[in-house]
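Written out below as structure tokens is the structure these notes cover.
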Amino acid sequence: MRILVVGATGKVGRHVVAQLDGVEVCALVRSEVPLPAGVRAVRGDLTRPETLDVSADAVFLMWPFDSADGVRDVLAALKGRVVYLSSAGVEVATDAINVVHAEVEREIERSGLDWTFLRAGGFAGGTLDWGEQIRAGDVVRDSFGSASRSLIHEADIAAVAVRALTEPGHEGVKYVLTGPESLTQREQVRIIGEELGRPLRFVEIPREQVLKEMVDGGIPERAAEEILSAYAAMGEASQPVYSTVEDVTGVPARTYREWVRDHLHEFAG
């Protein structure tokens, strides 16, 4: 079996590559990048569908663009099974990111290919945004400390992806993937501190200040407003927790604390 991985060096793709066993693994790359032993680089570019390797039996697909333009041509160049890394928010897609995911899903459904959607919730890796503050001191300043999220370890997304790529029975399924618990941002910071062995404190700052920092950092104002509105909603109601990871893989989803232990060096510096 031959599997093509798009985004093989990304947050999820690198775990997909690491967990695939007993198959030929090819990584779609636009230029030379370091890859694990046994993984073959395949030159190609999603913006140029004619360059894509079409001989794979299954494809792990992520879509890194801010619109769905061109996805139909990409799908026409593929064959076999497509496992698409989507978002848990596509059912109520109102923000720009989820609108794109919803459009890509629709195009995949129309393509005639076998498909599986991985509708992932928030990545635990997003909390690395606090890394600079934590390395510099014991205070994390952010908005919406009460926002509660069911963050998922990226390796668990990959574990479900590997099953969908290599086993029958996942065709036409839309998996919603979360971690095993919902934690507020204050609780997340506390756990990081416990694992580092020093107390950390969450200090809430005004939404307007965070918005300015996000826009100054290059995020379009509309997108920043949508992100902050989503966090405000999470302060009102906790994100749901799904057992999908364990249902599919037979292994419970990793906790946020386990994710922190795997990434402790990035917070410690």
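By convention here, the chains of the structure tokens are called A, B, ... in the order presented, each chain's residues are numbered starting at 1, and ligands are numbered starting at 1 in the order presented.
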
Excluding segment 132-146 of chain A and any residue of its chain fewer than 6 positions from it, enumerate the residues within 9 Å of it, using only C-alpha atoms, and give them as a PDB file with N, CA, C and O atoms, in the first residue's frame.
ATOM      1  N   LEU A 183     -11.001  21.887  29.622  1.00  0.00           N
ATOM      2  CA  LEU A 183     -10.272  22.659  30.619  1.00  0.00           C
ATOM      3  C   LEU A 183     -10.313  24.133  30.271  1.00  0.00           C
ATOM      4  O   LEU A 183     -10.184  24.510  29.100  1.00  0.00           O
ATOM      5  N   THR A 184     -10.450  24.981  31.299  1.00  0.00           N
ATOM      6  CA  THR A 184     -10.371  26.417  31.051  1.00  0.00           C
ATOM      7  C   THR A 184      -8.920  26.796  30.766  1.00  0.00           C
ATOM      8  O   THR A 184      -7.984  26.052  31.082  1.00  0.00           O
ATOM      9  N   GLN A 185      -8.753  27.970  30.205  1.00  0.00           N
ATOM     10  CA  GLN A 185      -7.383  28.427  29.941  1.00  0.00           C
ATOM     11  C   GLN A 185      -6.608  28.589  31.252  1.00  0.00           C
ATOM     12  O   GLN A 185      -5.401  28.319  31.287  1.00  0.00           O
ATOM     13  N   ARG A 186      -7.268  29.006  32.303  1.00  0.00           N
ATOM     14  CA  ARG A 186      -6.593  29.092  33.608  1.00  0.00           C
ATOM     15  C   ARG A 186      -6.102  27.707  34.045  1.00  0.00           C
ATOM     16  O   ARG A 186      -4.983  27.566  34.561  1.00  0.00           O
ATOM     17  N   GLU A 187      -6.939  26.692  33.851  1.00  0.00           N
ATOM     18  CA  GLU A 187      -6.544  25.331  34.232  1.00  0.00           C
ATOM     19  C   GLU A 187      -5.391  24.835  33.367  1.00  0.00           C
ATOM     20  O   GLU A 187      -4.484  24.133  33.859  1.00  0.00           O
ATOM     21  N   VAL A 189      -3.004  26.660  32.045  1.00  0.00           N
ATOM     22  CA  VAL A 189      -1.784  27.324  32.538  1.00  0.00           C
ATOM     23  C   VAL A 189      -1.328  26.692  33.844  1.00  0.00           C
ATOM     24  O   VAL A 189      -0.122  26.473  34.059  1.00  0.00           O
ATOM     25  N   GLY A 193       2.353  24.861  34.619  1.00  0.00           N
ATOM     26  CA  GLY A 193       3.194  25.202  35.766  1.00  0.00           C
ATOM     27  C   GLY A 193       3.513  24.004  36.631  1.00  0.00           C
ATOM     28  O   GLY A 193       4.658  23.838  37.082  1.00  0.00           O
ATOM     29  N   ARG A 198       6.900  24.930  38.780  1.00  0.00           N
ATOM     30  CA  ARG A 198       6.826  26.292  39.311  1.00  0.00           C
ATOM     31  C   ARG A 198       5.423  26.839  39.060  1.00  0.00           C
ATOM     32  O   ARG A 198       4.839  26.580  38.015  1.00  0.00           O
ATOM     33  N   PRO A 199       4.878  27.572  40.010  1.00  0.00           N
ATOM     34  CA  PRO A 199       3.510  28.066  39.838  1.00  0.00           C
ATOM     35  C   PRO A 199       3.425  29.139  38.755  1.00  0.00           C
ATOM     36  O   PRO A 199       4.255  30.037  38.692  1.00  0.00           O
ATOM     37  N   LEU A 200       2.429  28.998  37.903  1.00  0.00           N
ATOM     38  CA  LEU A 200       2.157  30.008  36.883  1.00  0.00           C
ATOM     39  C   LEU A 200       0.812  30.656  37.193  1.00  0.00           C
ATOM     40  O   LEU A 200      -0.100  30.011  37.702  1.00  0.00           O
ATOM     41  N   ARG A 201       0.701  31.918  36.835  1.00  0.00           N
ATOM     42  CA  ARG A 201      -0.511  32.676  37.115  1.00  0.00           C
ATOM     43  C   ARG A 201      -1.085  33.214  35.814  1.00  0.00           C
ATOM     44  O   ARG A 201      -0.352  33.740  34.977  1.00  0.00           O
ATOM     45  N   PHE A 202      -2.401  33.064  35.648  1.00  0.00           N
ATOM     46  CA  PHE A 202      -3.096  33.598  34.477  1.00  0.00           C
ATOM     47  C   PHE A 202      -3.657  34.967  34.836  1.00  0.00           C
ATOM     48  O   PHE A 202      -4.410  35.104  35.800  1.00  0.00           O
ATOM     49  N   VAL A 203      -3.291  35.966  34.060  1.00  0.00           N
ATOM     50  CA  VAL A 203      -3.801  37.321  34.260  1.00  0.00           C
ATOM     51  C   VAL A 203      -4.614  37.698  33.033  1.00  0.00           C
ATOM     52  O   VAL A 203      -4.095  37.714  31.911  1.00  0.00           O
ATOM     53  N   GLU A 204      -5.898  37.980  33.268  1.00  0.00           N
ATOM     54  CA  GLU A 204      -6.777  38.293  32.147  1.00  0.00           C
ATOM     55  C   GLU A 204      -6.612  39.745  31.724  1.00  0.00           C
ATOM     56  O   GLU A 204      -6.602  40.657  32.562  1.00  0.00           O
ATOM     57  N   ILE A 205      -6.483  39.948  30.423  1.00  0.00           N
ATOM     58  CA  ILE A 205      -6.346  41.288  29.875  1.00  0.00           C
ATOM     59  C   ILE A 205      -7.553  41.584  28.989  1.00  0.00           C
ATOM     60  O   ILE A 205      -8.216  40.665  28.509  1.00  0.00           O
ATOM     61  N   PRO A 206      -7.859  42.852  28.763  1.00  0.00           N
ATOM     62  CA  PRO A 206      -9.066  43.199  28.004  1.00  0.00           C
ATOM     63  C   PRO A 206      -9.027  42.670  26.578  1.00  0.00           C
ATOM     64  O   PRO A 206      -7.973  42.594  25.950  1.00  0.00           O
ATOM     65  N   ARG A 207     -10.202  42.322  26.102  1.00  0.00           N
ATOM     66  CA  ARG A 207     -10.337  41.830  24.728  1.00  0.00           C
ATOM     67  C   ARG A 207      -9.753  42.819  23.722  1.00  0.00           C
ATOM     68  O   ARG A 207      -9.100  42.419  22.765  1.00  0.00           O
ATOM     69  N   GLN A 209      -7.324  44.867  23.981  1.00  0.00           N
ATOM     70  CA  GLN A 209      -5.870  44.822  23.953  1.00  0.00           C
ATOM     71  C   GLN A 209      -5.372  43.617  23.155  1.00  0.00           C
ATOM     72  O   GLN A 209      -4.440  43.712  22.352  1.00  0.00           O
ATOM     73  N   VAL A 210      -6.032  42.464  23.374  1.00  0.00           N
ATOM     74  CA  VAL A 210      -5.640  41.257  22.644  1.00  0.00           C
ATOM     75  C   VAL A 210      -5.905  41.438  21.153  1.00  0.00           C
ATOM     76  O   VAL A 210      -5.092  41.053  20.309  1.00  0.00           O
ATOM     77  N   LEU A 228     -11.732  35.788  18.735  1.00  0.00           N
ATOM     78  CA  LEU A 228     -12.045  36.241  20.082  1.00  0.00           C
ATOM     79  C   LEU A 228     -13.512  36.007  20.427  1.00  0.00           C
ATOM     80  O   LEU A 228     -13.848  35.693  21.578  1.00  0.00           O
ATOM     81  N   TYR A 231     -13.777  32.464  21.537  1.00  0.00           N
ATOM     82  CA  TYR A 231     -13.301  32.278  22.909  1.00  0.00           C
ATOM     83  C   TYR A 231     -14.329  32.796  23.917  1.00  0.00           C
ATOM     84  O   TYR A 231     -14.525  32.202  24.986  1.00  0.00           O
ATOM     85  N   ALA A 232     -14.977  33.899  23.586  1.00  0.00           N
ATOM     86  CA  ALA A 232     -16.016  34.423  24.471  1.00  0.00           C
ATOM     87  C   ALA A 232     -17.131  33.399  24.640  1.00  0.00           C
ATOM     88  O   ALA A 232     -17.648  33.185  25.749  1.00  0.00           O
ATOM     89  N   MET A 234     -16.838  30.197  24.384  1.00  0.00           N
ATOM     90  CA  MET A 234     -16.328  29.079  25.183  1.00  0.00           C
ATOM     91  C   MET A 234     -16.303  29.424  26.666  1.00  0.00           C
ATOM     92  O   MET A 234     -16.249  28.539  27.515  1.00  0.00           O
ATOM     93  N   GLY A 235     -16.335  30.713  26.993  1.00  0.00           N
ATOM     94  CA  GLY A 235     -16.438  31.117  28.389  1.00  0.00           C
ATOM     95  C   GLY A 235     -17.846  30.943  28.921  1.00  0.00           C
ATOM     96  O   GLY A 235     -18.052  30.824  30.137  1.00  0.00           O
ATOM     97  N   GLU A 236     -18.818  30.921  28.014  1.00  0.00           N
ATOM     98  CA  GLU A 236     -20.209  30.749  28.407  1.00  0.00           C
ATOM     99  C   GLU A 236     -20.599  29.274  28.509  1.00  0.00           C
ATOM    100  O   GLU A 236     -21.429  28.898  29.336  1.00  0.00           O
ATOM    101  N   GLU A 266       9.616  22.877  25.184  1.00  0.00           N
ATOM    102  CA  GLU A 266       9.289  24.087  24.451  1.00  0.00           C
ATOM    103  C   GLU A 266       8.801  25.205  25.384  1.00  0.00           C
ATOM    104  O   GLU A 266       8.902  26.382  25.050  1.00  0.00           O
ATOM    105  N   PHE A 267       8.284  24.823  26.546  1.00  0.00           N
ATOM    106  CA  PHE A 267       7.921  25.828  27.531  1.00  0.00           C
ATOM    107  C   PHE A 267       9.112  26.182  28.422  1.00  0.00           C
ATOM    108  O   PHE A 267       9.213  27.308  28.896  1.00  0.00           O
ATOM    109  N   ALA A 268      10.009  25.219  28.634  1.00  0.00           N
ATOM    110  CA  ALA A 268      11.144  25.452  29.511  1.00  0.00           C
ATOM    111  C   ALA A 268      12.249  26.254  28.813  1.00  0.00           C
ATOM    112  O   ALA A 268      13.025  26.936  29.475  1.00  0.00           O
ATOM    113  N   GLY A 269      12.318  26.153  27.465  1.00  0.00           N
ATOM    114  CA  GLY A 269      13.344  26.910  26.758  1.00  0.00           C
ATOM    115  C   GLY A 269      14.655  26.166  26.705  1.00  0.00           C
ATOM    116  O   GLY A 269      14.807  25.058  27.193  1.00  0.00           O
TER     117      GLY A 269
END

Can you tell me, as a PyMOL selection string, which residues in segment 27-236 of chain A count as helix (DSSP H, G or I) by DSSP? chain A and resi 49-51+71-76+90-92+96-110+124-136+154-166+185-196+207-216+221-236

Segment 82-87 of chain A environment, 6 Å, only C-alpha atoms, sequence neighbours closer than 2 positions dropped, as a PDB file with C-alpha atoms, in the first residue's frame:
ATOM      1  CA  ALA A  58      -4.734   6.808  -0.077  1.00  0.00           C
ATOM      2  CA  VAL A  59      -4.006  10.466   0.658  1.00  0.00           C
ATOM      3  CA  PHE A  60      -3.877  12.350   3.933  1.00  0.00           C
ATOM      4  CA  LEU A  61      -5.003  15.807   2.879  1.00  0.00           C
ATOM      5  CA  MET A  62      -4.856  19.111   4.679  1.00  0.00           C
ATOM      6  CA  GLY A  89     -16.782  23.924  13.476  1.00  0.00           C
ATOM      7  CA  VAL A  90     -17.884  23.184   9.915  1.00  0.00           C
ATOM      8  CA  HIS A 101     -13.274  23.717   5.514  1.00  0.00           C
ATOM      9  CA  TRP A 115     -13.391   9.911   1.801  1.00  0.00           C
ATOM     10  CA  THR A 116     -13.199  10.300   5.562  1.00  0.00           C
ATOM     11  CA  PHE A 117     -13.391  13.643   7.358  1.00  0.00           C
ATOM     12  CA  LEU A 118     -11.462  14.294  10.561  1.00  0.00           C
ATOM     13  CA  ARG A 119     -13.316  17.179  12.161  1.00  0.00           C
ATOM     14  CA  ALA A 120     -10.750  18.106  14.764  1.00  0.00           C
TER      15      ALA A 120
END

How many Å lie between atom CA of Ile108 of chain A and atom CA of Ser243 of chain A, rounded to one decimal? 25.3 Å

Choose the residue, out of A:Thr166, A:Gln188, A:Thr255, A:Ser229, that has the smallest atom-to-atom separation from Asp21 of chain A; count only C-alpha atoms.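 Using only C-alpha atoms, Asp21 of chain A sits closest to A:Thr166.
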
Could you give me, as an MDAnalysis selection string, the residues within 10 Å of Ile157 of chain A, counting only C-alpha atoms and dropping anything in the same chain fewer than 2 positions from it? chainID A and resid 11:13 15:16 85 118:121 123 152:155 159:162 176:179 244:245 253

Can you pull out the residues contacting Phe65 of chain A? Cut-off 10 Å, using only C-alpha atoms, and skip same-chain residues under 2 positions away; I want them as a list in words. Leu46, Thr47, Met62, Trp63, Ser67, Ala68, Asp69, Gly70, Val71, Ile97, Val100 and His101 of chain A

Emit the selected residues as an mmCIF file, in the first residue's frame, including N, CA, C and O atoms.
data_model
loop_
_atom_site.group_PDB
_atom_site.id
_atom_site.type_symbol
_atom_site.label_atom_id
_atom_site.label_comp_id
_atom_site.auth_asym_id
_atom_site.auth_seq_id
_atom_site.Cartn_x
_atom_site.Cartn_y
_atom_site.Cartn_z
ATOM 1 N N LEU A 46 0.221 21.858 -4.325
ATOM 2 C CA LEU A 46 -1.236 21.881 -4.387
ATOM 3 C C LEU A 46 -1.758 22.986 -5.296
ATOM 4 O O LEU A 46 -2.865 22.890 -5.821
ATOM 5 N N THR A 47 -0.966 24.035 -5.474
ATOM 6 C CA THR A 47 -1.401 25.115 -6.367
ATOM 7 C C THR A 47 -1.157 24.772 -7.826
ATOM 8 O O THR A 47 -1.582 25.510 -8.719
ATOM 9 N N MET A 62 -4.506 17.903 3.952
ATOM 10 C CA MET A 62 -4.856 19.111 4.679
ATOM 11 C C MET A 62 -4.834 20.250 3.658
ATOM 12 O O MET A 62 -4.155 20.162 2.632
ATOM 13 N N TRP A 63 -5.636 21.274 3.931
ATOM 14 C CA TRP A 63 -5.774 22.375 2.973
ATOM 15 C C TRP A 63 -5.286 23.655 3.651
ATOM 16 O O TRP A 63 -5.979 24.216 4.506
ATOM 17 N N SER A 67 -8.827 30.018 1.034
ATOM 18 C CA SER A 67 -10.025 29.822 0.216
ATOM 19 C C SER A 67 -9.982 28.412 -0.356
ATOM 20 O O SER A 67 -8.935 27.753 -0.338
ATOM 21 N N ALA A 68 -11.130 27.949 -0.868
ATOM 22 C CA ALA A 68 -11.203 26.611 -1.449
ATOM 23 C C ALA A 68 -10.901 26.627 -2.941
ATOM 24 O O ALA A 68 -11.035 25.584 -3.606
ATOM 25 N N ASP A 69 -10.479 27.752 -3.457
ATOM 26 C CA ASP A 69 -10.157 27.840 -4.883
ATOM 27 C C ASP A 69 -9.092 26.811 -5.248
ATOM 28 O O ASP A 69 -8.060 26.717 -4.573
ATOM 29 N N GLY A 70 -9.337 26.053 -6.278
ATOM 30 C CA GLY A 70 -8.354 25.085 -6.759
ATOM 31 C C GLY A 70 -8.498 23.695 -6.205
ATOM 32 O O GLY A 70 -7.887 22.750 -6.723
ATOM 33 N N VAL A 71 -9.312 23.520 -5.147
ATOM 34 C CA VAL A 71 -9.390 22.190 -4.543
ATOM 35 C C VAL A 71 -10.020 21.184 -5.495
ATOM 36 O O VAL A 71 -9.655 20.002 -5.504
ATOM 37 N N ILE A 97 -12.313 30.546 8.517
ATOM 38 C CA ILE A 97 -11.593 29.272 8.496
ATOM 39 C C ILE A 97 -12.565 28.110 8.290
ATOM 40 O O ILE A 97 -12.348 27.230 7.445
ATOM 41 N N VAL A 100 -14.110 27.800 4.771
ATOM 42 C CA VAL A 100 -13.229 27.130 3.809
ATOM 43 C C VAL A 100 -13.286 25.618 4.002
ATOM 44 O O VAL A 100 -13.414 24.862 3.037
ATOM 45 N N HIS A 101 -13.201 25.162 5.262
ATOM 46 C CA HIS A 101 -13.274 23.717 5.514
ATOM 47 C C HIS A 101 -14.579 23.138 4.986
ATOM 48 O O HIS A 101 -14.596 22.048 4.393
#

Nearest residue to Ala233 of chain A from the set A:Asp114, A:Ala147, A:Gly38, A:Glu246 (distances using only C-alpha atoms):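 Closest to Ala233 of chain A, using only C-alpha atoms: A:Ala147.
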
Residue with smallest distance to His170 of chain A - pool A:Ala237, A:Val248, A:Val25, A:Leu20, counting only C-alpha atoms: A:Val248

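Counting only C-alpha atoms and comparing A:Arg30, A:Lys79, A:His263, A:Arg257, the residue that lies closest to Ser55 of chain A is A:Lys79.
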
Write out as a short mmCIF file (atom, residue, chain, number, x, y, z; two decimals) with C-alpha atoms, in the first residue's frame each polymer residue whose atoms come within 10 Å of Ala77 of chain A, counting only C-alpha atoms; drop sequence neighbours fewer than 3 positions from it.
data_model
loop_
_atom_site.label_atom_id
_atom_site.label_comp_id
_atom_site.auth_asym_id
_atom_site.auth_seq_id
_atom_site.Cartn_x
_atom_site.Cartn_y
_atom_site.Cartn_z
CA PRO A 49 -2.37 19.99 -9.56
CA GLU A 50 -0.51 18.68 -12.61
CA THR A 51 2.53 18.14 -10.34
CA LEU A 52 0.72 15.84 -7.90
CA ASP A 53 1.55 12.17 -7.52
CA VAL A 54 -1.64 10.32 -8.46
CA SER A 55 -0.42 6.76 -7.87
CA VAL A 71 -9.39 22.19 -4.54
CA ARG A 72 -11.58 20.69 -7.29
CA ASP A 73 -8.57 20.43 -9.61
CA VAL A 74 -6.48 18.88 -6.84
#

What gap, in Å, lies between atom CA of Val39 of chain A and atom CA of Val17 of chain A?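 About the pair atom CA of Val39 of chain A and atom CA of Val17 of chain A: they are 7.8 Å apart.
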
DSSP says strand (DSSP E) for which residues of segment 41-189 of chain A? Put them as an NGL selection string? :A and (41-43 or 58-61 or 81-87 or 114-120 or 139-142 or 148-149 or 173-177 or 183-184)

If you count only C-alpha atoms, the residue of A:Gly122, A:Gly112, A:Ser238, A:Glu181 closest to Leu78 of chain A turns out to be A:Gly112

How many Å separate atom CA of Arg261 of chain A from atom CA of Ile192 of chain A? 8.5 Å

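Closest approach to Met214 of chain A among A:Glu226, A:Asp156, A:Asp66, A:Glu194: A:Glu226, based on only C-alpha atoms.
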